[in-house]
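Q: Here's a structure for you.
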Amino acid sequence: MAEISKETISMKGVIDMHVHSNPDLRRRAYDDLELMEAGIRVGARAIVIKTHQGTTMDRAFLCNRHNEIVHGGSNDFTMFGSITLNRVVGGINPWAVETALKLGAKVVWLPTQSAKNHLMKMKQDPAAGVDVVCGGKVVPELQDVFGLIRDHGAVLGTAHISPDEAFVVVEAARRAGVKHIVITHPEWWIVDMSLEDQLRIARDYDAVLERCYAQNMGGGRYKSNLASNLELIKEAGYEHVMVDTDGGQTENPYWELAFGEYMQYLVDNGIPAEHVYHMTKTIPARLLGLEEGGRGK
């Protein structure tokens with residue numbers, strides 16, 4: 001049994017690259033400004049806000065402007081935006097991606113609720129979904145999206161596609177020169193990537209495994225991922241795992257409480273604090289082009 005740590009982990013400088021906030025079609029615990037203030041209170045360095053309804057880079061801009069006006073440069077917190085390639089933005093739409101990236105989006109997520117895999121797992125019609133792979137190859141539009149991600153130094157998130165699709169996508173993205181690839185919550189039952197496949201995709205493609213605080217089991221029920229996350233970190237190595245919350249739900253603890261609990265759980269169960277630092281600060285800082293402890297470069 002691992003020795004129980006008595007160390008209290010600090011959230012100063014943490015980065016969470018996956019948080020949901022209002023406005024949203026589903027009510028969230030915080031709106032953008034409330035989430036920003038929570039980040040500032042705990043000394044976080046950055047948060048990436050995500051929506052299934054399209055883009056958040058404009059919302060992130062307003063948060064950062066509000067921070068500048070209200071707090072006058074007294075903190076180094078930054079809110080970042082993203083785009084999710086669901087039907088609402090036209091699916092795999094290079095024009096939407098280009099606009100989002102030019103306006104400051106840092107993460108391009110593949111389809112979530114419009115992913116064929118998502119629809120199939122939810123017992124809905126996958127034919128209504130967005131194609132990312134066809135005939136064993138990525139769809140042509142996705143090659144254009146890869147080029148935009150590469151040229152803007154942005155991050156590709158695999159979102160809710162299947163493990164088989166993920167391997168095809170990651171292979172093609174690497175060939176296209178995409179440097180930053182995150183396998184989005186592979187532990188979630190919708191994605192359901194096996195431990196063996198997680199280890200393989202991290203090893204063979206140097207992809208980052210995003211492991212989140214809890215997973216939606218349907219019907220307003222959430223299941224803690226902490227024990228399985230601990231196992232994965234010990235198997236894969238902390239160098240390949242990014243700690244995020246996928247937080248913001250009213251059914252889960254407030255974002256900062258969930259993140260703090262997650263970090264403390266890892267330390268209390270034998271993960272060295274410097275490894276937690278790497279998973280919550282070093283990896284996401286590299287993905288977002290931030291200098292740890294300072295402003296973006």
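The chains in the structure tokens are called A, B, ... from first to last as shown; in each chain the residues are counted from 1, and the ligands are counted from 1 in the order shown.
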Give me every alpha helix (DSSP H) residue in segment 63-256 of chain A, going by DSSP on the backbone, as a PyMOL selection string.

A: chain A and resi 63-71+94-102+116-121+140-152+163-175+195-205+226-236+255-256

Q: Go ahead and write the selection's residues with C-alpha atoms as a compact mmCIF listing (two decimals), in the first residue's frame.

A:
```txt
# COMPACT_ATOMS: atom_id res chain seq x y z
CA CYS A 63 -13.14 37.42 -19.90
CA ASN A 64 -9.55 38.53 -20.37
CA ARG A 65 -10.63 42.11 -21.09
CA HIS A 66 -12.82 42.08 -17.98
CA ASN A 67 -9.90 40.74 -15.95
CA GLU A 68 -7.68 43.52 -17.24
CA ILE A 69 -10.22 46.24 -16.44
CA VAL A 70 -11.35 44.96 -13.06
CA HIS A 71 -8.13 43.45 -11.70
CA PRO A 94 -11.97 24.48 -42.38
CA TRP A 95 -13.46 27.96 -42.82
CA ALA A 96 -14.88 27.92 -39.30
CA VAL A 97 -11.60 26.56 -37.93
CA GLU A 98 -9.54 29.23 -39.69
CA THR A 99 -11.74 32.01 -38.33
CA ALA A 100 -11.67 30.57 -34.81
CA LEU A 101 -7.89 30.24 -34.81
CA LYS A 102 -7.39 33.75 -36.18
CA LYS A 116 -20.93 8.99 -35.11
CA ASN A 117 -19.46 7.04 -32.20
CA HIS A 118 -21.30 9.27 -29.71
CA LEU A 119 -24.61 8.83 -31.48
CA MET A 120 -24.18 5.08 -31.72
CA LYS A 121 -23.34 4.76 -28.01
CA PRO A 140 -10.34 15.45 -47.11
CA GLU A 141 -11.63 18.44 -45.14
CA LEU A 142 -9.83 17.15 -42.07
CA GLN A 143 -6.50 17.39 -43.89
CA ASP A 144 -7.20 21.09 -44.36
CA VAL A 145 -8.05 21.42 -40.67
CA PHE A 146 -4.77 19.70 -39.74
CA GLY A 147 -2.86 22.25 -41.81
CA LEU A 148 -4.57 25.12 -40.00
CA ILE A 149 -3.89 23.59 -36.58
CA ARG A 150 -0.24 23.07 -37.53
CA ASP A 151 0.23 26.58 -38.90
CA HIS A 152 -1.37 28.22 -35.85
CA PRO A 163 -10.66 4.47 -30.58
CA ASP A 164 -10.35 3.03 -34.09
CA GLU A 165 -11.04 6.46 -35.59
CA ALA A 166 -8.61 8.05 -33.13
CA PHE A 167 -5.70 5.96 -34.38
CA VAL A 168 -6.45 6.88 -38.01
CA VAL A 169 -6.84 10.56 -37.11
CA VAL A 170 -3.70 10.76 -34.98
CA GLU A 171 -1.60 9.02 -37.63
CA ALA A 172 -2.83 11.44 -40.31
CA ALA A 173 -2.42 14.47 -38.03
CA ARG A 174 1.17 13.55 -37.23
CA ARG A 175 1.92 13.07 -40.93
CA LEU A 195 -5.81 0.73 -21.33
CA GLU A 196 -3.67 -1.10 -23.89
CA ASP A 197 -4.70 1.31 -26.66
CA GLN A 198 -4.11 4.33 -24.43
CA LEU A 199 -0.59 3.14 -23.71
CA ARG A 200 -0.01 2.43 -27.41
CA ILE A 201 -1.26 5.76 -28.74
CA ALA A 202 0.76 7.65 -26.14
CA ARG A 203 3.89 5.64 -26.90
CA ASP A 204 3.66 5.42 -30.69
CA TYR A 205 2.43 8.95 -31.41
CA LEU A 226 -9.93 9.09 -9.79
CA ALA A 227 -9.05 5.45 -9.07
CA SER A 228 -8.73 4.51 -12.75
CA ASN A 229 -6.79 7.72 -13.44
CA LEU A 230 -4.33 6.75 -10.73
CA GLU A 231 -3.88 3.34 -12.31
CA LEU A 232 -3.33 4.83 -15.76
CA ILE A 233 -0.74 7.33 -14.51
CA LYS A 234 1.22 4.52 -12.88
CA GLU A 235 1.02 2.47 -16.10
CA ALA A 236 1.61 5.17 -18.71
CA TRP A 255 -14.55 23.52 -10.78
CA GLU A 256 -11.86 24.53 -8.30
```

Q: Name the residues in contact with Ile283 of chain A at a cut-off of 10 Å, using only C-alpha atoms, excluding same-chain residues fewer than 6 positions from it; report them as a ChimeraX atom specification.

A: /A:15,208,238-243,277,292

Q: Can you tell me, as number ranges by chain, which residues in segment 134-244 of chain A count as strand (DSSP E) by DSSP?

A: A: 134, 137-138, 155-157, 180-183, 208-211, 214-218, 221-224, 241-243

Q: Limited to C-alpha atoms, could you put the picked residues into a file as a CSV table (one decimal), in the first residue's frame?

A:
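Saved file out_6.csv follows:
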```csv
chain,number,residue,atom,x,y,z
A,134,CYS,CA,-14.2,7.2,-44.4
A,137,LYS,CA,-8.7,7.5,-44.2
A,138,VAL,CA,-9.5,10.9,-42.8
A,155,VAL,CA,-4.1,21.7,-30.2
A,156,LEU,CA,-6.1,18.9,-31.7
A,157,GLY,CA,-8.5,17.2,-29.3
A,180,HIS,CA,0.0,19.0,-30.2
A,181,ILE,CA,-2.5,16.1,-30.0
A,182,VAL,CA,-4.7,15.3,-26.9
A,183,ILE,CA,-6.7,12.1,-26.6
A,208,VAL,CA,-1.2,13.3,-24.5
A,209,LEU,CA,-3.8,11.3,-22.6
A,210,GLU,CA,-6.3,13.6,-21.0
A,211,ARG,CA,-7.8,12.0,-17.9
A,214,ALA,CA,-15.6,12.3,-13.5
A,215,GLN,CA,-17.6,10.9,-16.3
A,216,ASN,CA,-21.3,11.3,-17.3
A,217,MET,CA,-23.1,8.0,-16.9
A,218,GLY,CA,-26.4,9.4,-18.1
A,221,ARG,CA,-25.3,10.5,-12.7
A,222,TYR,CA,-21.6,10.9,-12.6
A,223,LYS,CA,-18.9,8.3,-11.8
A,224,SER,CA,-15.5,9.3,-10.3
A,241,VAL,CA,-1.0,12.3,-18.9
A,242,MET,CA,-2.7,15.6,-18.5
A,243,VAL,CA,-5.0,16.2,-15.5
```

Q: Identify which of the residues A:Tyr30, A:Leu288, A:Gly13, A:Gly237 lies closest to Pro253 of chain A, counting only C-alpha atoms when measuring atom-to-atom distances.

A: A:Tyr30

Q: So which one's closest to Trp109 of chain A, A:Phe77, A:Ile47, A:Lys123, A:Thr184? Using only C-alpha atoms, please.

A: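 Between A:Phe77, A:Ile47, A:Lys123, A:Thr184, the residue approaching Trp109 of chain A most closely is A:Thr184.
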
Q: Please provide as a VMD selection string all residues within 6 Å of Val19 of chain A, with the sequence filter that same-chain residues fewer than 4 positions apart are discarded (counting only C-alpha atoms).

A: chain A and resid 49 to 50 246 to 248

Q: Using N, CA and C atoms, can you write the selected residues to a file as a short mmCIF file (atom, residue, chain, number, x, y, z; two decimals), in the first residue's frame?

A:
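Result file is out.cif:
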```
data_model
loop_
_atom_site.label_atom_id
_atom_site.label_comp_id
_atom_site.auth_asym_id
_atom_site.auth_seq_id
_atom_site.Cartn_x
_atom_site.Cartn_y
_atom_site.Cartn_z
N ILE A 49 -12.10 27.13 -22.07
CA ILE A 49 -13.53 26.86 -21.99
C ILE A 49 -14.01 26.19 -23.28
N LYS A 50 -14.91 25.24 -23.08
CA LYS A 50 -15.40 24.41 -24.18
C LYS A 50 -16.91 24.44 -24.23
N ASP A 246 -12.87 18.38 -17.10
CA ASP A 246 -14.11 18.32 -17.90
C ASP A 246 -15.26 18.77 -17.01
N GLY A 247 -14.98 19.79 -16.19
CA GLY A 247 -15.91 20.21 -15.15
C GLY A 247 -16.90 21.26 -15.61
N GLY A 248 -17.72 21.68 -14.65
CA GLY A 248 -18.71 22.71 -14.88
C GLY A 248 -20.13 22.25 -14.71
#
```
